Amino acid sequence: MRRLIPFIAAALLAAACTGSTIRMEELPDIYPDYIGVTIPAGIAPMDFNIPEEYDRVFVRVTGSKGGELKVRGKWASFPVKKWHKLTRQNAGGTLSFTVLGRKDGVWTQWRDFIMYVSDVPLTDYGLTYRKMAPGYTTYSQIGIYQRDLHSFREDPIILSTLTPGQCMGCHTANATDPRQFLFHLRGPHGATCFQKDGVREWVTTKTDSTIGNVAYCYWHPEGRWMAGSINPVRQSFWTGDQRIIEVFDLASDLVVMDTEDHSLIVDPRFTTKDYLETSPAFTPDGKTLYFCKAKAFEVPRQVDSIRYDLVRASFDAAAGVLGDIETVIPASAQGKSISFPRPSYDGRWLMYNKADFSVFPIDHKEADLWLMDLESGESRPIDEVNSPYSESFHNWSSNSRWFLFSSRRGDGLYVQVYLSSIDENGHCTKPFVLPQKNPRKYYHDTLYSFNVPDFTKEKVEFRTSGTHREVFSDQRIKATVKE
Amino acid sequence: MDKQYRIVFSALLGAAVFAFWMWLFPQALNYQEQNQLFLFTWDYFRQRMALPGGLADWLSEGLVQFYYIRWAGALVLALLAVLLQLATWKAAGEKRSMYAFSFIPPLLMLVYMGDVEVLASYPVALLMAVSLCPLFQKAGWHRLWMIPLGWWLLGPVMAVPVLLSVLKSRKWADLAMLAWMAVTFYAEYRLLAAQYPFRDALFGLNYYRLVESLPPLQVIIPAVTVLCILLCALPQRLNRPLAVEGALCLLLAAGTWFGVKRTYEKDTYEVLAYDWLIRHEQYQKVLYRAERYQPRNPVSACSVNFCLFTQGQLESRLTEFYQCGTGGLVLPAIRDNLSDITSAELLWMMGMPNITLQYSFDLQESIQNGRKSGRFLSRMAECNIVNGWYPRAHKYLDMLEHSLFYRRWAREKKALLKDEALVAKDPVYGYIRSVRFKDDFITSYDGLDLMMAVLYNQNNNNFMAAEYYKAWQRLKQMEGGK
């Protein structure tokens with residue numbers, strides 16, 4: 001009799017699935033929208049939810065190159081190991097998803113959908129990002145975190161609870177390599193923390209010749225230099241119901257820092273009063289520095305007149321000398337503003353943001369991602385990934401075949417991280433939001449935005465012990481100006 | 001002391017503490033309640049338990065949510081005081097005699113709680129730690145696992161049963177427990193609280209709202225509690241114990257009154273009272289209090305001016321009360337969890353939902369221990385509703401739906417969101433939409449009077465904007481006159 005039980009159960013299940021199943025021609029309304037996205041093999045399971053009125057979901061995933069996975073539950077939750085096996089087996093192929101949802105005891109089956117598994121691997125360990133409540137001027141808890149892209153594991157690198165009263169700035173690694181990174185603390189005990197090969201130092205980057213501490217930074221690929229813009233940032237708020245906040249710089253200069261002797265190259269051509277220079281980024285050969293430059297206007301009154309061009313200057317790493325400034329895209333002449341230029345690490349592309357004005361696209365619904373072919377110099381909006389909401393900060397994976405970006409498309413306020421791939425011809429794939437276990441609950445419940453996301457090749461090692469003492473001791477290395 | 005006298009004294013303590021919070025300082029209950037949001041969710045429980053002292057923290061927040069109802073809050077605190085007193089007495093063991101000493105910990109706690117940043121998790125944790133003492137002393141080798149478990153659940157007040165045990169037994173083996181306690185504490189610090197400063201973890205992560213602060217009483221009270229337990233256990237050698245203990249109780253009552261006078265800072269509590277009364281729309285009572293005594297600070301001026309407006313007296317009685325220029329009419333953005341509440345309220349009524357949203361967000365994010373607030377979150381949801389930003393409003397309403405006292409309100413608002421026509425018809429949201437700015441421009445605190453003028457010119461029914469504009473000009477003139 002015992003031997004018959006599985007057969008009886010299977011027969012009953014089959015009867016249940018065929019007899020009372022409603023078949024729909026539409027695709028399932030899943031959250032997040034993973035239909036037709038391209039994923040790397042070995043990524044964290046792409047868990048998803050079906051509409052809340054369905055109390056149970058059944059999903060069968062079939063690989064075009066073999067393999068199958070079946071799950072059932074309140075949401076589609078795939079076991080990590082089996083998911084990895086399936087995606088690796090189907091690299092370069094597709095995964096077909098059959099989705100059934102149960103409502104009031106009746107099962108509904110929607111049209112199957114496909115997910116593409118890229119044959120280009122995403123070799124990086126994961127992501128780093130800052131999590132903070134989005135909106136205004138005060139933040140009770142901020143933290144820099146790292147997330148394993150191959151599982152759901154998230155670990156804090158440093159949280160503001162360890163350094164109370166200090167705001168925590170952007171975490172910047174050298175081309176995704178966490179052996180060399182920096183982040184800023186702002187507040188009474190502010191400093192920039194440089195960590196190279198496990199050795200960290202706390203540096204005050206403000207000098208008598210500069211207008212403040214560096215904010216937006218970018219490492220030179222050789223690791224000795226770091227370009228940074230100095231931005232006394234302010235915020236103002238809108239009265240209407242279309243946007244909330246406007247972030248702008250009172251002034252903005254650009255310097256290059258020698259991280260070996262902590263001296264700054266302060267070139268008067270890059271620190272003009274009448275112009276704002278910001279968002280520096282070196283090309284992977286280290287010979288060119290891209291940044292954004294705009295004519296200064298009175299703020300906040302004329303904030304909507306500030307429009308940044310994409311410019312570049314040569315850089316001689318041996319001598320530490322910047323060359324002449326050359327305009328690459330005169331966006332201001334087109335009534336647009338460019339921010340966050342990011343060359344791919346293979347030197348093929350340059351991705352940037354374009355908005356109507358300002359340098360802080362996160363609060364601009366019209367802000368989109370654009371891609372410039374560094375060989376032809378041609379640019380285009382990346383329509384494959386853009387949305388009616390703001391697309392803002394972005395970065396490349398270490399092999400330059402994947403990129404991530406921040407977007408407010410979820411609910412218009414809380415920033416989420418999206419990933420997409422790019423082929424040799426610059427075609428990008430439909431992006432997908434960073435996978436989470438029970439994603440609807442995760443993204444709906446969180447009161448944090450994901451800021452300044454980046455890939456990290458390996459896990460970031462940061463010692464928390466001693467950090468509090470080091471920060472509050474105020475013992476700092478003071479940057480000097482290079483003669 | 002006989003049992004019936006003991007019952008009478010304990011009941012007196014309970015009644016006194018209840019009366020203290022119910023009638024003397026109910027505004028403190030309001031302040032505590034609005035600086036946290038207890039949610040009936042597994043995630044919320046898990047977050048609290050992730051840190052040492054988590055269980056006490058979770059339980060206390062569960063209790064503090066009842067402060068939403070004044071008498072319930074007073075009752076909770078009265079019960080906590082009585083239970084702490086009884087636990088102290090019980091911890092003294094079978095041969096106890098001096099009942100009066102068991103009153104010292106709850107009374108000292110009452111004095112300490114005059115500091116509004118003291119969190120309820122502190123008395124809750126202490127109560128649990130003291131209650132654990134009898135069991136702990138008999139636990140033998142089980143104490144080895146009770147120490148790390150206790151530290152995880154209650155926090156550093158777990159040192160109370162350990163110290164008591166050591167002091168009572170005076171054995172070398174018990175002294176080794178102190179070393180074991182240090183080892184387990186450090187291990188738990190590295191495991192659970194490595195993202196906190198060592199000192200904060202050592203003295204309690206969730207006993208006090210302000211970060212990097214250690215009020216001396218936070219260390220003194222557990223030490224005194226241990227001492228009181230030992231004193232309760234002293235052998236009875238008095239001829240007239242009841243008289244002596246009665247006199248001791250009177251002395252304690254006098255000492256408590258003196259302590260309360262010192263720690264319950266008058267201006268702070270007055271401002272908290274204004275906030276509490278405004279929350280409950282008892283504007284006349286604010287004016288009544290201000291006529292007797294008004295703190296000389298902008299927050300108080302702003303609250304009183306707002307209440308004057310609600311009574312139609314802003315123009316006629318403006319100069320009767322303390323003023324500090326236009327900054328006392330509407331406050332600029334201030335990074336704390338109290339100052340801007342009234343400003344946010346009045347700007348909401350005037351038709352500036354975006355500044356209200358900014359102020360409410362900043363008020364919530366200024367709660368230094370990172371907790372959320374039912375009151376501020378509700379207002380944020382409402383601002384989002386007025387702006388038509390429904391997914392964000394939904395996020396906040398769903399969160400509030402997991403609370404006890406905001407649940408019904410959140411459900412009502414969620415039902416509203418299903419139909420845009422209902423939102424437009426809603427008397428509050430419809431009105432604010434009708435009086436808000438028609439144009440989108442960048443706000444400026446310095447130009448707030450001009451913004452009020454714009455509001456009035458857009459809609460002449462917005463008499464609040466007109467009243468405040470006139471008051472602003474008058475205060476500006478008075479400032480110029482100085």
# chains A, B, ... in the order shown; residues from 1 in each chain; ligands from 1
call {"tool": "closest_atom_pairs", "arguments": {"of": "chain B", "to": "chain A", "cutoff": "7 Å", "atoms": "only C-alpha atoms", "output": "CSV"}}
result
residue,atom,partner,partner_atom,distance
B:Ala194,CA,A:Thr464,CA,6.6
B:Gln195,CA,A:Leu162,CA,5.0
B:Tyr196,CA,A:Leu162,CA,4.3
B:Pro197,CA,A:Leu162,CA,5.4
B:Val211,CA,A:Pro164,CA,6.6
B:Arg335,CA,A:Thr138,CA,6.7
B:Asn354,CA,A:Thr239,CA,6.0
B:Gln358,CA,A:Tyr136,CA,6.2
B:Asp362,CA,A:Thr138,CA,5.3
B:Glu365,CA,A:Ser140,CA,4.8
B:Ser366,CA,A:Ser140,CA,5.8
B:Ile367,CA,A:Ser140,CA,6.6
B:Gln368,CA,A:Ser140,CA,6.0
B:Gly370,CA,A:Ser140,CA,5.1
B:Asn387,CA,A:Asp241,CA,5.0
B:Pro391,CA,A:Asp411,CA,5.5
B:Arg392,CA,A:Asp411,CA,6.2
B:Lys395,CA,A:His444,CA,6.0
B:Phe437,CA,A:Thr239,CA,6.5
B:Asp439,CA,A:Gly240,CA,6.4
B:Asp440,CA,A:Gly240,CA,4.4
B:Phe441,CA,A:Trp238,CA,5.3
B:Ile442,CA,A:Trp238,CA,4.4
B:Thr443,CA,A:Phe237,CA,5.5
call {"tool": "residues_around", "arguments": {"residues": "Pro235 in chain B", "least_positions_apart": "6", "cutoff": "12 Å", "atoms": "only C-alpha atoms", "output": "ChimeraX atom specification"}}
result
/B:92-99,241
call {"tool": "write_last_selection", "arguments": {"atoms": "C-alpha atoms", "output": "short mmCIF file (atom, residue, chain, number, x, y, z; two decimals), in the first residue's frame"}}
result
data_model
loop_
_atom_site.label_atom_id
_atom_site.label_comp_id
_atom_site.auth_asym_id
_atom_site.auth_seq_id
_atom_site.Cartn_x
_atom_site.Cartn_y
_atom_site.Cartn_z
CA ALA B 92 16.85 39.53 49.30
CA GLY B 93 16.05 35.92 50.10
CA GLU B 94 14.07 34.23 52.84
CA LYS B 95 15.72 36.01 55.77
CA ARG B 96 14.84 39.51 54.67
CA SER B 97 13.58 42.18 57.00
CA MET B 98 14.09 45.79 55.90
CA TYR B 99 11.21 46.37 53.49
CA PRO B 241 10.73 48.26 63.13
#
call {"tool": "residues_around", "arguments": {"residues": "Ser303 in chain B", "least_positions_apart": "5", "cutoff": "10 Å", "atoms": "only C-alpha atoms", "output": "ChimeraX atom specification"}}
result
/B:271,274-275,277-278,283,286-287,290,298,308-309,328-330,339-343,345-346
call {"tool": "residues_around", "arguments": {"residues": "range 88-94 of chain A", "least_positions_apart": "3", "cutoff": "8 Å", "atoms": "only C-alpha atoms", "output": "NGL selection string"}}
result
:A and (40-42 or 63-67 or 84-85 or 114-120)
call {"tool": "write_last_selection", "arguments": {"atoms": "N, CA and C atoms", "output": "PDB file, in the first residue's frame"}}
result
ATOM      1  N   PRO A  40      23.243  36.692 -15.249  1.00  0.00           N
ATOM      2  CA  PRO A  40      24.481  35.917 -15.298  1.00  0.00           C
ATOM      3  C   PRO A  40      24.284  34.569 -14.610  1.00  0.00           C
ATOM      4  N   ALA A  41      24.974  33.570 -15.083  1.00  0.00           N
ATOM      5  CA  ALA A  41      24.910  32.259 -14.421  1.00  0.00           C
ATOM      6  C   ALA A  41      25.487  32.399 -13.019  1.00  0.00           C
ATOM      7  N   GLY A  42      24.865  31.740 -12.078  1.00  0.00           N
ATOM      8  CA  GLY A  42      25.395  31.754 -10.713  1.00  0.00           C
ATOM      9  C   GLY A  42      24.947  32.938  -9.880  1.00  0.00           C
ATOM     10  N   GLY A  63      15.281  24.442 -18.215  1.00  0.00           N
ATOM     11  CA  GLY A  63      16.406  25.013 -18.949  1.00  0.00           C
ATOM     12  C   GLY A  63      16.424  24.544 -20.393  1.00  0.00           C
ATOM     13  N   SER A  64      16.791  25.451 -21.305  1.00  0.00           N
ATOM     14  CA  SER A  64      16.854  25.054 -22.722  1.00  0.00           C
ATOM     15  C   SER A  64      17.986  24.056 -22.957  1.00  0.00           C
ATOM     16  N   LYS A  65      18.956  24.035 -22.063  1.00  0.00           N
ATOM     17  CA  LYS A  65      20.054  23.090 -22.195  1.00  0.00           C
ATOM     18  C   LYS A  65      19.946  21.968 -21.158  1.00  0.00           C
ATOM     19  N   GLY A  66      18.773  21.849 -20.597  1.00  0.00           N
ATOM     20  CA  GLY A  66      18.553  20.781 -19.626  1.00  0.00           C
ATOM     21  C   GLY A  66      18.385  21.295 -18.220  1.00  0.00           C
ATOM     22  N   GLY A  67      17.874  20.422 -17.396  1.00  0.00           N
ATOM     23  CA  GLY A  67      17.681  20.770 -15.993  1.00  0.00           C
ATOM     24  C   GLY A  67      16.282  21.317 -15.735  1.00  0.00           C
ATOM     25  N   HIS A  84      21.833  27.726  -8.814  1.00  0.00           N
ATOM     26  CA  HIS A  84      23.161  27.918  -9.414  1.00  0.00           C
ATOM     27  C   HIS A  84      23.440  26.829 -10.452  1.00  0.00           C
ATOM     28  N   LYS A  85      23.128  25.608 -10.071  1.00  0.00           N
ATOM     29  CA  LYS A  85      23.387  24.485 -10.974  1.00  0.00           C
ATOM     30  C   LYS A  85      22.617  24.667 -12.285  1.00  0.00           C
ATOM     31  N   ILE A 114      10.218  33.665 -20.340  1.00  0.00           N
ATOM     32  CA  ILE A 114      11.615  33.261 -20.532  1.00  0.00           C
ATOM     33  C   ILE A 114      12.543  34.201 -19.767  1.00  0.00           C
ATOM     34  N   MET A 115      13.606  33.668 -19.269  1.00  0.00           N
ATOM     35  CA  MET A 115      14.724  34.455 -18.743  1.00  0.00           C
ATOM     36  C   MET A 115      15.962  33.986 -19.505  1.00  0.00           C
ATOM     37  N   TYR A 116      16.767  34.898 -19.969  1.00  0.00           N
ATOM     38  CA  TYR A 116      17.971  34.520 -20.710  1.00  0.00           C
ATOM     39  C   TYR A 116      19.148  34.410 -19.747  1.00  0.00           C
ATOM     40  N   VAL A 117      19.950  33.379 -19.948  1.00  0.00           N
ATOM     41  CA  VAL A 117      21.158  33.245 -19.126  1.00  0.00           C
ATOM     42  C   VAL A 117      22.341  33.588 -20.015  1.00  0.00           C
ATOM     43  N   SER A 118      23.049  34.621 -19.640  1.00  0.00           N
ATOM     44  CA  SER A 118      24.144  35.107 -20.468  1.00  0.00           C
ATOM     45  C   SER A 118      25.309  34.121 -20.467  1.00  0.00           C
ATOM     46  N   ASP A 119      26.012  34.066 -21.602  1.00  0.00           N
ATOM     47  CA  ASP A 119      27.225  33.243 -21.604  1.00  0.00           C
ATOM     48  C   ASP A 119      28.426  34.046 -21.114  1.00  0.00           C
ATOM     49  N   VAL A 120      28.172  35.333 -20.815  1.00  0.00           N
ATOM     50  CA  VAL A 120      29.252  36.162 -20.244  1.00  0.00           C
ATOM     51  C   VAL A 120      29.114  36.122 -18.731  1.00  0.00           C
TER      52      VAL A 120
END
